[in-house]
Amino acid sequence: MSSFTDKGKIWYNGIFVDWKDAKVHVLSHGLHYGSGVFEGIRCYSTDNGSFIFRLKEHVDRLYSSASAYRMEIPYTKEEIGEAIKETVRENRLDACYIRPLAFFGYHHLGLDPTGCPVDCVIAAWHWNAYLGKEAAEGGIRCAFSQWRRIDPATLPVTIKAAGHYLNSILASLDAKGRGFDEAILLDTKGYVAEGPGENIFAVKDGTIYTPEAESSILPGITRASIIELARDIGYKVVEKQMTKEELLSADEAFFTGTAAEMAPIREIDDVLIGEGKKGKVTRVLQKKFFDTLNAREKKYMKWLELV
Ligand code: PPE
C-alpha cells in the first residue's frame, strides 16, 4: 500500500487548499459515527487525452448515498462533476484515482446529525494496482471471511457510506491476517456477497454468474459495465444467488471494482478455482474492459468523459 506524498491540492468546500491543510475538527460528526458518503472514481490517460470513467454514474451514486442519510450536499451534481474534473486538472494528473467525500461536519455530537454542516472534499492521486501489481495477470488468493456482509435489514447496503466500511475493514484484516490477498464475504444467509471493496463474478461452462443486485452487495458501476460488455460480446450473464460451493466449483472467478479494476481469483481458501490461473472468459472480458477504459472502444466512449 503506497502512502500519500502530501503534494497537491484538495478541493475543500469549493476551494482548492494545500494537501497538508485539508483538515477537520476532531469533533466532526463524520469522524465519530462514520456519517459520510463517498465515491471512488478512476481517470485514465489515453492517446486521446485523460478520461474519467462513468463520472455521471459515480456522481449520481454519491447523491443517492447522501439522500439515504438525509444529507443535503450543498452543490448541484453538475458543480460536483465539474469540481472533480477541476481537481484532476489542478493537480496536473493524467491517470489517477479520485475520492469525493461528503460528511456531517463540526457543530454538535449526538446521533441525529440535523444541523451539522455538510462538508465536501475531492482528492485525487495516483493509486495503482489495488490488489498488487501481479493481480490482473496472475490472479489473487482469497479467503471466505468469518465476517458476514452487512444485511439490507440493518443498513442500506447498496450505497457507499463511510461507516459501512467497518464491515469491509474487519473482513480485510481477517483475510490479510491469515496471509490471503483479499476476503470474500458471504451474506447473512450464507450466500456469496462480494469482496470488501469489489464485486465478484464466477464463470461456469461459459456462462457468467454474479450475485444479484438485490442481495447484500454494493451494485458496482464496474459490475454493471462488465455485465453490459459481456452481454454485448455474446456471453450469457445470470444475476442470482450464489452458494459457496458454486463459487468454489467455478471454472473461473474474478473481482471487479473501481480501485481493483478487474482481478482474476485463482484460489479461495486454498482451493484452486478452475486451473488456478486467469481463465479464458476472464481474459476476453478483461481485454474488452481495459480497451474501453483506454478509449479504444468507440461503442463505449459514452462512458468516458474528457478531463
Ligand atoms: N463493493 C464494495 C463494497 C465496494 O466498496 C466497491 C468499490 C465495489 C463493490 C465496486 O464498486 P464500483 O467501484 O462502483 O465498481 N470500492 C471502492 C473503494 C475501495 C477502497 O478500498 O477504498 C472503489 O473501488 O473505489
# chains A, B, ... in the order shown; residues from 1 in each chain; ligands from 1
$ residues_around --residues "segment 231-244 of chain A" --least-positions-apart "2" --cutoff "6 Å" --atoms "only C-alpha atoms" --output "list of chain:residue names"
A:Tyr191, A:Val192, A:Thr207, A:Ile208, A:Tyr209, A:Thr210, A:Pro211, A:Glu212, A:Glu228, A:Leu229, A:Glu246, A:Leu247
$ write_last_selection --atoms "N, CA, C and O atoms" --output "PDB file, in the first residue's frame"
ATOM      1  N   TYR A 191     -25.031 -16.931   1.441  1.00  0.00           N
ATOM      2  CA  TYR A 191     -24.721 -16.850   0.006  1.00  0.00           C
ATOM      3  C   TYR A 191     -23.544 -15.906  -0.210  1.00  0.00           C
ATOM      4  O   TYR A 191     -23.280 -15.023   0.607  1.00  0.00           O
ATOM      5  N   VAL A 192     -22.882 -16.086  -1.344  1.00  0.00           N
ATOM      6  CA  VAL A 192     -21.742 -15.243  -1.673  1.00  0.00           C
ATOM      7  C   VAL A 192     -22.228 -13.817  -1.908  1.00  0.00           C
ATOM      8  O   VAL A 192     -23.205 -13.608  -2.634  1.00  0.00           O
ATOM      9  N   THR A 207     -20.983 -19.665 -19.016  1.00  0.00           N
ATOM     10  CA  THR A 207     -21.949 -18.672 -18.538  1.00  0.00           C
ATOM     11  C   THR A 207     -21.343 -17.901 -17.369  1.00  0.00           C
ATOM     12  O   THR A 207     -20.607 -18.475 -16.552  1.00  0.00           O
ATOM     13  N   ILE A 208     -21.688 -16.614 -17.308  1.00  0.00           N
ATOM     14  CA  ILE A 208     -21.126 -15.754 -16.260  1.00  0.00           C
ATOM     15  C   ILE A 208     -22.195 -15.533 -15.193  1.00  0.00           C
ATOM     16  O   ILE A 208     -23.340 -15.226 -15.514  1.00  0.00           O
ATOM     17  N   TYR A 209     -21.808 -15.715 -13.950  1.00  0.00           N
ATOM     18  CA  TYR A 209     -22.737 -15.545 -12.829  1.00  0.00           C
ATOM     19  C   TYR A 209     -22.223 -14.471 -11.881  1.00  0.00           C
ATOM     20  O   TYR A 209     -21.020 -14.348 -11.675  1.00  0.00           O
ATOM     21  N   THR A 210     -23.155 -13.733 -11.290  1.00  0.00           N
ATOM     22  CA  THR A 210     -22.774 -12.772 -10.251  1.00  0.00           C
ATOM     23  C   THR A 210     -23.958 -12.602  -9.294  1.00  0.00           C
ATOM     24  O   THR A 210     -25.104 -12.710  -9.727  1.00  0.00           O
ATOM     25  N   PRO A 211     -23.692 -12.400  -8.009  1.00  0.00           N
ATOM     26  CA  PRO A 211     -24.812 -12.205  -7.065  1.00  0.00           C
ATOM     27  C   PRO A 211     -25.723 -11.069  -7.540  1.00  0.00           C
ATOM     28  O   PRO A 211     -25.244 -10.048  -8.046  1.00  0.00           O
ATOM     29  N   GLU A 212     -27.003 -11.269  -7.400  1.00  0.00           N
ATOM     30  CA  GLU A 212     -27.987 -10.304  -7.911  1.00  0.00           C
ATOM     31  C   GLU A 212     -27.887  -8.972  -7.160  1.00  0.00           C
ATOM     32  O   GLU A 212     -27.480  -8.929  -6.002  1.00  0.00           O
ATOM     33  N   GLU A 228     -22.649  -5.429 -19.025  1.00  0.00           N
ATOM     34  CA  GLU A 228     -23.028  -4.920 -20.355  1.00  0.00           C
ATOM     35  C   GLU A 228     -22.017  -5.344 -21.430  1.00  0.00           C
ATOM     36  O   GLU A 228     -22.403  -5.804 -22.510  1.00  0.00           O
ATOM     37  N   LEU A 229     -20.730  -5.233 -21.117  1.00  0.00           N
ATOM     38  CA  LEU A 229     -19.703  -5.639 -22.085  1.00  0.00           C
ATOM     39  C   LEU A 229     -19.838  -7.122 -22.404  1.00  0.00           C
ATOM     40  O   LEU A 229     -19.766  -7.535 -23.562  1.00  0.00           O
ATOM     41  N   GLU A 246     -20.932 -23.279  -5.364  1.00  0.00           N
ATOM     42  CA  GLU A 246     -20.958 -22.874  -6.776  1.00  0.00           C
ATOM     43  C   GLU A 246     -19.715 -22.047  -7.116  1.00  0.00           C
ATOM     44  O   GLU A 246     -19.131 -22.209  -8.182  1.00  0.00           O
ATOM     45  N   LEU A 247     -19.338 -21.196  -6.195  1.00  0.00           N
ATOM     46  CA  LEU A 247     -18.154 -20.371  -6.456  1.00  0.00           C
ATOM     47  C   LEU A 247     -16.890 -21.234  -6.474  1.00  0.00           C
ATOM     48  O   LEU A 247     -16.045 -21.101  -7.361  1.00  0.00           O
TER      49      LEU A 247
END
$ residues_near_ligand --ligand "ligand 1" --cutoff "10 Å" --atoms "only C-alpha atoms and all ligand atoms" --output "PyMOL selection string"
chain A and resi 38-42+54+57-58+61+97-99+130-131+149-150+157-162+164-165+167-169+172+185+193-200+216-226+255-262
$ residues_around --residues "Ser145 of chain A" --least-positions-apart "5" --cutoff "6 Å" --atoms "only C-alpha atoms" --output "list of chain:residue names"
A:Ala171, A:Ala183, A:Ile184, A:Leu185
$ atom_distance --atom1 "atom CA of Ala295 of chain A" --atom2 "atom CA of Ile52 of chain A"
10.4 Å
$ closest_residue --among "A:Val17, A:Ile273, A:Phe51, A:Lys176" --to "Met301 of chain A" --atoms "only C-alpha atoms"
A:Phe51
$ select_by_dssp --residues "segment 44-89 of chain A" --states "helix (DSSP H, G or I)" --output "VMD selection string"
chain A and resid 55 to 68 77 to 89
$ write_last_selection --atoms "N, CA, C and O atoms" --output "short mmCIF file (atom, residue, chain, number, x, y, z; two decimals), in the first residue's frame"
data_model
loop_
_atom_site.label_atom_id
_atom_site.label_comp_id
_atom_site.auth_asym_id
_atom_site.auth_seq_id
_atom_site.Cartn_x
_atom_site.Cartn_y
_atom_site.Cartn_z
N LEU A 55 -18.31 9.09 -14.97
CA LEU A 55 -18.41 10.17 -13.99
C LEU A 55 -19.86 10.40 -13.54
O LEU A 55 -20.14 10.53 -12.35
N LYS A 56 -20.77 10.42 -14.49
CA LYS A 56 -22.17 10.72 -14.17
C LYS A 56 -22.73 9.69 -13.18
O LYS A 56 -23.37 10.05 -12.19
N GLU A 57 -22.45 8.42 -13.45
CA GLU A 57 -22.97 7.35 -12.57
C GLU A 57 -22.39 7.48 -11.16
O GLU A 57 -23.09 7.25 -10.17
N HIS A 58 -21.12 7.83 -11.07
CA HIS A 58 -20.50 7.98 -9.75
C HIS A 58 -21.11 9.17 -9.00
O HIS A 58 -21.37 9.08 -7.80
N VAL A 59 -21.30 10.28 -9.71
CA VAL A 59 -21.88 11.45 -9.04
C VAL A 59 -23.33 11.14 -8.62
O VAL A 59 -23.74 11.46 -7.50
N ASP A 60 -24.06 10.46 -9.50
CA ASP A 60 -25.44 10.08 -9.14
C ASP A 60 -25.44 9.22 -7.88
O ASP A 60 -26.27 9.41 -6.99
N ARG A 61 -24.52 8.27 -7.81
CA ARG A 61 -24.49 7.38 -6.63
C ARG A 61 -24.12 8.15 -5.37
O ARG A 61 -24.65 7.89 -4.29
N LEU A 62 -23.23 9.13 -5.51
CA LEU A 62 -22.85 9.95 -4.35
C LEU A 62 -24.10 10.63 -3.77
O LEU A 62 -24.30 10.66 -2.55
N TYR A 63 -24.94 11.14 -4.66
CA TYR A 63 -26.16 11.82 -4.20
C TYR A 63 -27.18 10.84 -3.63
O TYR A 63 -27.88 11.16 -2.67
N SER A 64 -27.27 9.63 -4.20
CA SER A 64 -28.19 8.62 -3.62
C SER A 64 -27.70 8.23 -2.25
O SER A 64 -28.50 8.04 -1.32
N SER A 65 -26.39 8.07 -2.10
CA SER A 65 -25.83 7.70 -0.80
C SER A 65 -26.17 8.79 0.21
O SER A 65 -26.60 8.51 1.33
N ALA A 66 -25.98 10.04 -0.19
CA ALA A 66 -26.24 11.16 0.72
C ALA A 66 -27.72 11.16 1.12
O ALA A 66 -28.04 11.31 2.31
N SER A 67 -28.60 10.92 0.16
CA SER A 67 -30.02 11.05 0.50
C SER A 67 -30.46 9.95 1.45
O SER A 67 -31.37 10.15 2.25
N ALA A 68 -29.80 8.78 1.41
CA ALA A 68 -30.15 7.71 2.36
C ALA A 68 -29.91 8.16 3.80
O ALA A 68 -30.54 7.66 4.73
N LYS A 77 -25.24 18.47 -8.76
CA LYS A 77 -24.47 17.38 -9.35
C LYS A 77 -23.50 17.91 -10.41
O LYS A 77 -22.38 17.43 -10.53
N GLU A 78 -23.96 18.89 -11.17
CA GLU A 78 -23.11 19.48 -12.22
C GLU A 78 -21.88 20.13 -11.60
O GLU A 78 -20.77 20.00 -12.10
N GLU A 79 -22.10 20.85 -10.48
CA GLU A 79 -20.96 21.52 -9.82
C GLU A 79 -19.96 20.49 -9.29
O GLU A 79 -18.74 20.67 -9.40
N ILE A 80 -20.46 19.40 -8.71
CA ILE A 80 -19.54 18.37 -8.20
C ILE A 80 -18.81 17.69 -9.36
O ILE A 80 -17.59 17.47 -9.29
N GLY A 81 -19.53 17.40 -10.44
CA GLY A 81 -18.89 16.79 -11.62
C GLY A 81 -17.78 17.68 -12.15
O GLY A 81 -16.67 17.21 -12.46
N GLU A 82 -18.05 18.96 -12.22
CA GLU A 82 -17.06 19.91 -12.72
C GLU A 82 -15.89 20.01 -11.74
O GLU A 82 -14.73 20.04 -12.15
N ALA A 83 -16.19 20.03 -10.44
CA ALA A 83 -15.12 20.12 -9.42
C ALA A 83 -14.22 18.88 -9.47
O ALA A 83 -13.01 18.98 -9.24
N ILE A 84 -14.79 17.74 -9.79
CA ILE A 84 -14.00 16.51 -9.91
C ILE A 84 -13.00 16.66 -11.06
O ILE A 84 -11.80 16.36 -10.92
N LYS A 85 -13.49 17.16 -12.17
CA LYS A 85 -12.58 17.36 -13.32
C LYS A 85 -11.52 18.41 -13.00
O LYS A 85 -10.35 18.25 -13.33
N GLU A 86 -11.96 19.47 -12.34
CA GLU A 86 -11.01 20.54 -11.97
C GLU A 86 -9.92 20.02 -11.04
O GLU A 86 -8.78 20.46 -11.10
N THR A 87 -10.30 19.10 -10.15
CA THR A 87 -9.32 18.56 -9.21
C THR A 87 -8.21 17.80 -9.95
O THR A 87 -7.04 17.90 -9.62
N VAL A 88 -8.62 17.07 -10.98
CA VAL A 88 -7.63 16.35 -11.79
C VAL A 88 -6.74 17.35 -12.51
O VAL A 88 -5.51 17.22 -12.51
N ARG A 89 -7.37 18.36 -13.08
CA ARG A 89 -6.60 19.38 -13.83
C ARG A 89 -5.67 20.16 -12.90
O ARG A 89 -4.50 20.34 -13.19
#
$ atom_distance --atom1 "atom CA of Gly276 of chain A" --atom2 "atom CA of Phe144 of chain A"
16.7 Å
$ closest_residue --among "A:Leu285, A:Ala153, A:Cys120, A:Ile227" --to "Thr188 of chain A" --atoms "only C-alpha atoms"
A:Ala153
$ atom_distance --atom1 "atom CA of Asp21 of chain A" --atom2 "atom CA of Lys7 of chain A"
10.8 Å
$ select_by_dssp --residues "segment 35-86 of chain A" --states "strand (DSSP E or B)" --output "PDB file with C-alpha atoms, in the first residue's frame"
ATOM      1  CA  GLY A  36     -20.090  10.366   5.488  1.00  0.00           C
ATOM      2  CA  VAL A  37     -20.640   9.199   1.933  1.00  0.00           C
ATOM      3  CA  PHE A  38     -18.003   8.849  -0.727  1.00  0.00           C
ATOM      4  CA  ILE A  41     -13.612   7.121  -9.451  1.00  0.00           C
ATOM      5  CA  ARG A  42     -10.818   6.479 -11.916  1.00  0.00           C
ATOM      6  CA  CYS A  43      -9.301   8.660 -14.562  1.00  0.00           C
ATOM      7  CA  TYR A  44      -7.314   7.076 -17.395  1.00  0.00           C
ATOM      8  CA  SER A  45      -4.636   8.562 -19.575  1.00  0.00           C
ATOM      9  CA  THR A  46      -5.084   7.619 -23.224  1.00  0.00           C
ATOM     10  CA  GLY A  49      -6.382  12.659 -23.569  1.00  0.00           C
ATOM     11  CA  SER A  50      -7.405  11.866 -19.991  1.00  0.00           C
ATOM     12  CA  PHE A  51     -10.851  10.433 -19.438  1.00  0.00           C
ATOM     13  CA  ILE A  52     -12.931   9.849 -16.330  1.00  0.00           C
ATOM     14  CA  PHE A  53     -14.824   6.559 -16.368  1.00  0.00           C
TER      15      PHE A  53
END
$ closest_residue --among "A:Asp119, A:Lys287, A:Gln146, A:Val203" --to "Pro100 of chain A" --atoms "only C-alpha atoms"
A:Asp119
$ residues_around --residues "Val121 of chain A" --least-positions-apart "4" --cutoff "9 Å" --atoms "only C-alpha atoms" --output "list of chain:residue names"
A:Ile10, A:Trp11, A:Tyr12, A:Asn13, A:Gly14, A:Ala22, A:Arg99, A:Pro100, A:Leu101, A:Ala102, A:Phe103
$ write_last_selection --atoms "all heavy atoms" --output "PDB file, in the first residue's frame"
ATOM      1  N   ILE A  10      -6.318  19.871  -2.636  1.00  0.00           N
ATOM      2  CA  ILE A  10      -7.569  19.171  -2.395  1.00  0.00           C
ATOM      3  C   ILE A  10      -8.705  20.183  -2.459  1.00  0.00           C
ATOM      4  O   ILE A  10      -8.601  21.281  -1.879  1.00  0.00           O
ATOM      5  CB  ILE A  10      -7.526  18.439  -1.034  1.00  0.00           C
ATOM      6  CG1 ILE A  10      -6.532  17.259  -1.135  1.00  0.00           C
ATOM      7  CG2 ILE A  10      -8.921  17.949  -0.615  1.00  0.00           C
ATOM      8  CD1 ILE A  10      -6.308  16.494   0.144  1.00  0.00           C
ATOM      9  N   TRP A  11      -9.732  19.824  -3.197  1.00  0.00           N
ATOM     10  CA  TRP A  11     -10.933  20.680  -3.280  1.00  0.00           C
ATOM     11  C   TRP A  11     -11.697  20.502  -1.975  1.00  0.00           C
ATOM     12  O   TRP A  11     -12.063  19.394  -1.617  1.00  0.00           O
ATOM     13  CB  TRP A  11     -11.762  20.236  -4.488  1.00  0.00           C
ATOM     14  CG  TRP A  11     -12.948  21.073  -4.833  1.00  0.00           C
ATOM     15  CD1 TRP A  11     -12.997  22.090  -5.747  1.00  0.00           C
ATOM     16  CD2 TRP A  11     -14.290  20.930  -4.331  1.00  0.00           C
ATOM     17  NE1 TRP A  11     -14.277  22.599  -5.826  1.00  0.00           N
ATOM     18  CE2 TRP A  11     -15.092  21.903  -4.966  1.00  0.00           C
ATOM     19  CE3 TRP A  11     -14.895  20.090  -3.398  1.00  0.00           C
ATOM     20  CZ2 TRP A  11     -16.457  22.040  -4.713  1.00  0.00           C
ATOM     21  CZ3 TRP A  11     -16.251  20.225  -3.130  1.00  0.00           C
ATOM     22  CH2 TRP A  11     -17.015  21.200  -3.792  1.00  0.00           C
ATOM     23  N   TYR A  12     -11.876  21.599  -1.236  1.00  0.00           N
ATOM     24  CA  TYR A  12     -12.475  21.515   0.097  1.00  0.00           C
ATOM     25  C   TYR A  12     -13.541  22.600   0.198  1.00  0.00           C
ATOM     26  O   TYR A  12     -13.219  23.787   0.239  1.00  0.00           O
ATOM     27  CB  TYR A  12     -11.376  21.727   1.155  1.00  0.00           C
ATOM     28  CG  TYR A  12     -11.718  21.271   2.559  1.00  0.00           C
ATOM     29  CD1 TYR A  12     -10.727  21.224   3.539  1.00  0.00           C
ATOM     30  CD2 TYR A  12     -12.990  20.877   2.914  1.00  0.00           C
ATOM     31  CE1 TYR A  12     -11.014  20.796   4.836  1.00  0.00           C
ATOM     32  CE2 TYR A  12     -13.293  20.454   4.195  1.00  0.00           C
ATOM     33  CZ  TYR A  12     -12.303  20.417   5.155  1.00  0.00           C
ATOM     34  OH  TYR A  12     -12.603  20.000   6.423  1.00  0.00           O
ATOM     35  N   ASN A  13     -14.790  22.184   0.199  1.00  0.00           N
ATOM     36  CA  ASN A  13     -15.920  23.117   0.258  1.00  0.00           C
ATOM     37  C   ASN A  13     -15.793  24.251  -0.753  1.00  0.00           C
ATOM     38  O   ASN A  13     -15.978  25.427  -0.429  1.00  0.00           O
ATOM     39  CB  ASN A  13     -16.060  23.692   1.679  1.00  0.00           C
ATOM     40  CG  ASN A  13     -16.533  22.622   2.661  1.00  0.00           C
ATOM     41  OD1 ASN A  13     -17.171  21.652   2.275  1.00  0.00           O
ATOM     42  ND2 ASN A  13     -16.204  22.801   3.936  1.00  0.00           N
ATOM     43  N   GLY A  14     -15.431  23.858  -1.973  1.00  0.00           N
ATOM     44  CA  GLY A  14     -15.473  24.837  -3.060  1.00  0.00           C
ATOM     45  C   GLY A  14     -14.179  25.541  -3.385  1.00  0.00           C
ATOM     46  O   GLY A  14     -14.108  26.256  -4.380  1.00  0.00           O
ATOM     47  N   ALA A  22      -5.789  20.351   4.399  1.00  0.00           N
ATOM     48  CA  ALA A  22      -7.175  19.842   4.263  1.00  0.00           C
ATOM     49  C   ALA A  22      -7.547  19.083   5.534  1.00  0.00           C
ATOM     50  O   ALA A  22      -7.542  17.857   5.585  1.00  0.00           O
ATOM     51  CB  ALA A  22      -7.287  18.956   3.026  1.00  0.00           C
ATOM     52  N   ARG A  99     -11.326  10.665  -5.137  1.00  0.00           N
ATOM     53  CA  ARG A  99     -12.140  10.344  -3.980  1.00  0.00           C
ATOM     54  C   ARG A  99     -12.957  11.557  -3.532  1.00  0.00           C
ATOM     55  O   ARG A  99     -12.465  12.403  -2.779  1.00  0.00           O
ATOM     56  CB  ARG A  99     -11.210   9.848  -2.851  1.00  0.00           C
ATOM     57  CG  ARG A  99     -11.810   9.715  -1.459  1.00  0.00           C
ATOM     58  CD  ARG A  99     -12.987   8.767  -1.410  1.00  0.00           C
ATOM     59  NE  ARG A  99     -12.708   7.428  -1.860  1.00  0.00           N
ATOM     60  CZ  ARG A  99     -12.235   6.430  -1.116  1.00  0.00           C
ATOM     61  NH1 ARG A  99     -11.965   6.640   0.144  1.00  0.00           N
ATOM     62  NH2 ARG A  99     -12.047   5.236  -1.628  1.00  0.00           N
ATOM     63  N   PRO A 100     -14.199  11.665  -3.993  1.00  0.00           N
ATOM     64  CA  PRO A 100     -15.091  12.686  -3.423  1.00  0.00           C
ATOM     65  C   PRO A 100     -15.679  12.153  -2.116  1.00  0.00           C
ATOM     66  O   PRO A 100     -15.974  10.960  -2.008  1.00  0.00           O
ATOM     67  CB  PRO A 100     -16.198  12.821  -4.477  1.00  0.00           C
ATOM     68  CG  PRO A 100     -15.796  11.948  -5.634  1.00  0.00           C
ATOM     69  CD  PRO A 100     -14.827  10.955  -5.106  1.00  0.00           C
ATOM     70  N   LEU A 101     -15.818  13.021  -1.141  1.00  0.00           N
ATOM     71  CA  LEU A 101     -16.367  12.646   0.168  1.00  0.00           C
ATOM     72  C   LEU A 101     -17.243  13.782   0.684  1.00  0.00           C
ATOM     73  O   LEU A 101     -16.856  14.942   0.597  1.00  0.00           O
ATOM     74  CB  LEU A 101     -15.210  12.399   1.149  1.00  0.00           C
ATOM     75  CG  LEU A 101     -15.530  12.316   2.644  1.00  0.00           C
ATOM     76  CD1 LEU A 101     -16.219  11.002   2.989  1.00  0.00           C
ATOM     77  CD2 LEU A 101     -14.252  12.447   3.473  1.00  0.00           C
ATOM     78  N   ALA A 102     -18.415  13.425   1.174  1.00  0.00           N
ATOM     79  CA  ALA A 102     -19.268  14.422   1.830  1.00  0.00           C
ATOM     80  C   ALA A 102     -19.569  13.875   3.219  1.00  0.00           C
ATOM     81  O   ALA A 102     -19.892  12.693   3.358  1.00  0.00           O
ATOM     82  CB  ALA A 102     -20.555  14.626   1.039  1.00  0.00           C
ATOM     83  N   PHE A 103     -19.438  14.704   4.239  1.00  0.00           N
ATOM     84  CA  PHE A 103     -19.659  14.198   5.600  1.00  0.00           C
ATOM     85  C   PHE A 103     -20.282  15.276   6.481  1.00  0.00           C
ATOM     86  O   PHE A 103     -20.151  16.471   6.233  1.00  0.00           O
ATOM     87  CB  PHE A 103     -18.341  13.706   6.219  1.00  0.00           C
ATOM     88  CG  PHE A 103     -17.271  14.767   6.350  1.00  0.00           C
ATOM     89  CD1 PHE A 103     -17.075  15.447   7.554  1.00  0.00           C
ATOM     90  CD2 PHE A 103     -16.463  15.091   5.267  1.00  0.00           C
ATOM     91  CE1 PHE A 103     -16.091  16.428   7.670  1.00  0.00           C
ATOM     92  CE2 PHE A 103     -15.479  16.075   5.373  1.00  0.00           C
ATOM     93  CZ  PHE A 103     -15.299  16.738   6.581  1.00  0.00           C
TER      94      PHE A 103
END
$ decode --residues "segment 270-283 of chain A" --atoms "N, CA and C atoms" --output "PDB file, in the first residue's frame"
ATOM      1  N   ASP A 270      -7.420 -21.914  -0.243  1.00  0.00           N
ATOM      2  CA  ASP A 270      -6.500 -22.938  -0.740  1.00  0.00           C
ATOM      3  C   ASP A 270      -7.117 -23.919  -1.741  1.00  0.00           C
ATOM      4  N   VAL A 271      -8.328 -23.645  -2.202  1.00  0.00           N
ATOM      5  CA  VAL A 271      -8.916 -24.463  -3.275  1.00  0.00           C
ATOM      6  C   VAL A 271      -8.668 -23.719  -4.592  1.00  0.00           C
ATOM      7  N   LEU A 272      -8.101 -24.414  -5.581  1.00  0.00           N
ATOM      8  CA  LEU A 272      -7.861 -23.775  -6.872  1.00  0.00           C
ATOM      9  C   LEU A 272      -9.193 -23.544  -7.580  1.00  0.00           C
ATOM     10  N   ILE A 273      -9.344 -22.380  -8.174  1.00  0.00           N
ATOM     11  CA  ILE A 273     -10.542 -22.109  -8.970  1.00  0.00           C
ATOM     12  C   ILE A 273     -10.178 -22.438 -10.421  1.00  0.00           C
ATOM     13  N   GLY A 274     -10.895 -23.393 -10.989  1.00  0.00           N
ATOM     14  CA  GLY A 274     -10.556 -23.869 -12.342  1.00  0.00           C
ATOM     15  C   GLY A 274      -9.137 -24.381 -12.342  1.00  0.00           C
ATOM     16  N   GLU A 275      -8.342 -23.831 -13.246  1.00  0.00           N
ATOM     17  CA  GLU A 275      -6.933 -24.276 -13.308  1.00  0.00           C
ATOM     18  C   GLU A 275      -6.035 -23.425 -12.420  1.00  0.00           C
ATOM     19  N   GLY A 276      -6.646 -22.541 -11.639  1.00  0.00           N
ATOM     20  CA  GLY A 276      -5.847 -21.725 -10.721  1.00  0.00           C
ATOM     21  C   GLY A 276      -5.065 -20.634 -11.421  1.00  0.00           C
ATOM     22  N   LYS A 277      -5.581 -20.214 -12.561  1.00  0.00           N
ATOM     23  CA  LYS A 277      -4.958 -19.083 -13.266  1.00  0.00           C
ATOM     24  C   LYS A 277      -6.034 -18.314 -14.020  1.00  0.00           C
ATOM     25  N   LYS A 278      -5.624 -17.203 -14.626  1.00  0.00           N
ATOM     26  CA  LYS A 278      -6.622 -16.385 -15.340  1.00  0.00           C
ATOM     27  C   LYS A 278      -7.287 -17.217 -16.435  1.00  0.00           C
ATOM     28  N   GLY A 279      -8.611 -17.305 -16.395  1.00  0.00           N
ATOM     29  CA  GLY A 279      -9.343 -18.136 -17.350  1.00  0.00           C
ATOM     30  C   GLY A 279      -9.618 -17.425 -18.667  1.00  0.00           C
ATOM     31  N   LYS A 280     -10.156 -18.212 -19.602  1.00  0.00           N
ATOM     32  CA  LYS A 280     -10.399 -17.723 -20.976  1.00  0.00           C
ATOM     33  C   LYS A 280     -11.389 -16.564 -21.025  1.00  0.00           C
ATOM     34  N   VAL A 281     -12.514 -16.749 -20.341  1.00  0.00           N
ATOM     35  CA  VAL A 281     -13.562 -15.723 -20.385  1.00  0.00           C
ATOM     36  C   VAL A 281     -13.068 -14.457 -19.682  1.00  0.00           C
ATOM     37  N   THR A 282     -12.393 -14.653 -18.568  1.00  0.00           N
ATOM     38  CA  THR A 282     -11.829 -13.510 -17.831  1.00  0.00           C
ATOM     39  C   THR A 282     -10.882 -12.731 -18.745  1.00  0.00           C
ATOM     40  N   ARG A 283     -10.078 -13.470 -19.495  1.00  0.00           N
ATOM     41  CA  ARG A 283      -9.100 -12.831 -20.383  1.00  0.00           C
ATOM     42  C   ARG A 283      -9.803 -11.977 -21.447  1.00  0.00           C
TER      43      ARG A 283
END
